Amino acid sequence: MKKADWILIITGLLIALAFVLFLLTQKNSGYANVYYDGDLIETINLNIDKTYTYQFEENTNIVSVNNGQIAVIESNCPNKDCINMGYISKNKQVIVCLPHKFSISVVNKNDDYDFVIE
Amino acid sequence: MKKKVAFIGLLIAFGLALSFLESLIPQVIPIPGVKLGLANFAVLMTLYLFGFKEALIMNFARILLASMMFGSAFSFFYALSGALLSILIEVLLIKIDKMSEIGVSVAGGIAHNVGQILLAIIITKTIGVFYYLPFLIVSGILAGIVIGILVKKLRPVLKRIVKD
Ligand SMILES: [Zn+2]
């Protein structure tokens, strides 16, 4: 191994570590934004257990809120990655269903910025 | 020349086998196309033994065949973006010649995963997808180290066979 190899590996690990520490300090924020194709569809209150169905064209995602957590429980997407991501509850956690351009972000309702690129 | 074509064919087949192996492993990070990138072994080996053009052709053929056999049109385009980014970074680093096979492989692994995440952000138009970045960097580094060591060990052996 050369010096540049070590620099690359250590820098990469440090960046990842910084990100993880930042994410670990995030709290349960109680709200989640639902996006379709970059548009905010609605903000869900995670303190109310409920099932939501989102249908855009042929794309269906069924979302469940349970015990302050949120997950996609059903989807007609080809890879089911969104379902496999499981339940999320912490601020900044994200579930994406790429084939459906559908995503859910846990947010702090007081944050006045949002995560969407216009 | 004939030998070279046959050898690249073998590397495609080997890359395909690695892609297949990887499709059997449950996805740790549930973003399409974000994988350990085992097939990068075949790409990197082609780069070192033959060059950029050969590696590009080899990888394109591998991704096309892999999506036809155990993927979809959808996975084809996702795989392509990360593969292109990683192959460009790798060829650049080999030219600069400051890193061993391990560093080049790690950089390629990270570039591959970062490429997928950028594409995911573009598609969902949701920048929050960046949340997955640390996991992607770490998996890129780990797979990169293993692949780099294998390339380093096997390269002289394969080189002898190609030259004979
Ligand atoms: Zn999905």
# chains A, B, ... in the order shown; residues from 1 in each chain; ligands from 1

$ interface_residues --of "chain A" --to "chain B" --cutoff "9 Å" --atoms "only C-alpha atoms" --output "PyMOL selection string"
chain A and resi 1-6+8-9+12-13+15-20+23+35-39+78-85+92-103+105+115-118

$ residues_around --residues "B:Ala111" --least-positions-apart "6" --cutoff "10 Å" --atoms "only C-alpha atoms" --output "ChimeraX atom specification"
/B:82-90,105,117,136-137,140

$ residues_around --residues "stretch 63-70 of chain A" --least-positions-apart "6" --cutoff "9 Å" --atoms "only C-alpha atoms" --output "VMD selection string"
chain A and resid 28 to 32 44 to 54 86 to 90 104 106

$ select_by_dssp --residues "chain A" --states "strand (DSSP E)" --output "JSON, numbers by chain"
{"A": [31, 32, 33, 34, 35, 36, 39, 40, 41, 42, 43, 44, 45, 50, 51, 52, 53, 54, 55, 56, 59, 60, 61, 62, 63, 64, 65, 66, 69, 70, 71, 72, 73, 74, 75, 94, 95, 96, 97, 102, 103, 104, 105, 106, 107]}

$ select_by_dssp --residues "stretch 30-119 of chain B" --states "helix (DSSP H, G or I)" --output "MDAnalysis selection string"
chainID B and resid 40:49 52:70 73:96 101:119

$ closest_residue --among "B:Ala79, B:Leu118, B:Ile12, B:Val151" --to "B:Ile57" --atoms "only C-alpha atoms"
B:Ile12

$ closest_residue --among "A:Glu57, A:Thr25, A:Cys77, A:Thr43" --to "ligand 1" --atoms "only C-alpha atoms and all ligand atoms"
A:Cys77

$ atom_distance --atom1 "atom CA of B:Lys3" --atom2 "atom CA of B:Lys95"
25.1 Å

$ atom_distance --atom1 "atom CA of B:Leu150" --atom2 "atom CA of B:Leu80"
23.6 Å

$ closest_residue --among "A:Gln55, A:Asn108, A:Ser75, A:Asn91" --to "ligand 1" --atoms "only C-alpha atoms and all ligand atoms"
A:Ser75

$ closest_residue --among "B:Ile147, B:Val157, B:Gly15, B:Ile8" --to "B:Leu65" --atoms "only C-alpha atoms"
B:Gly15
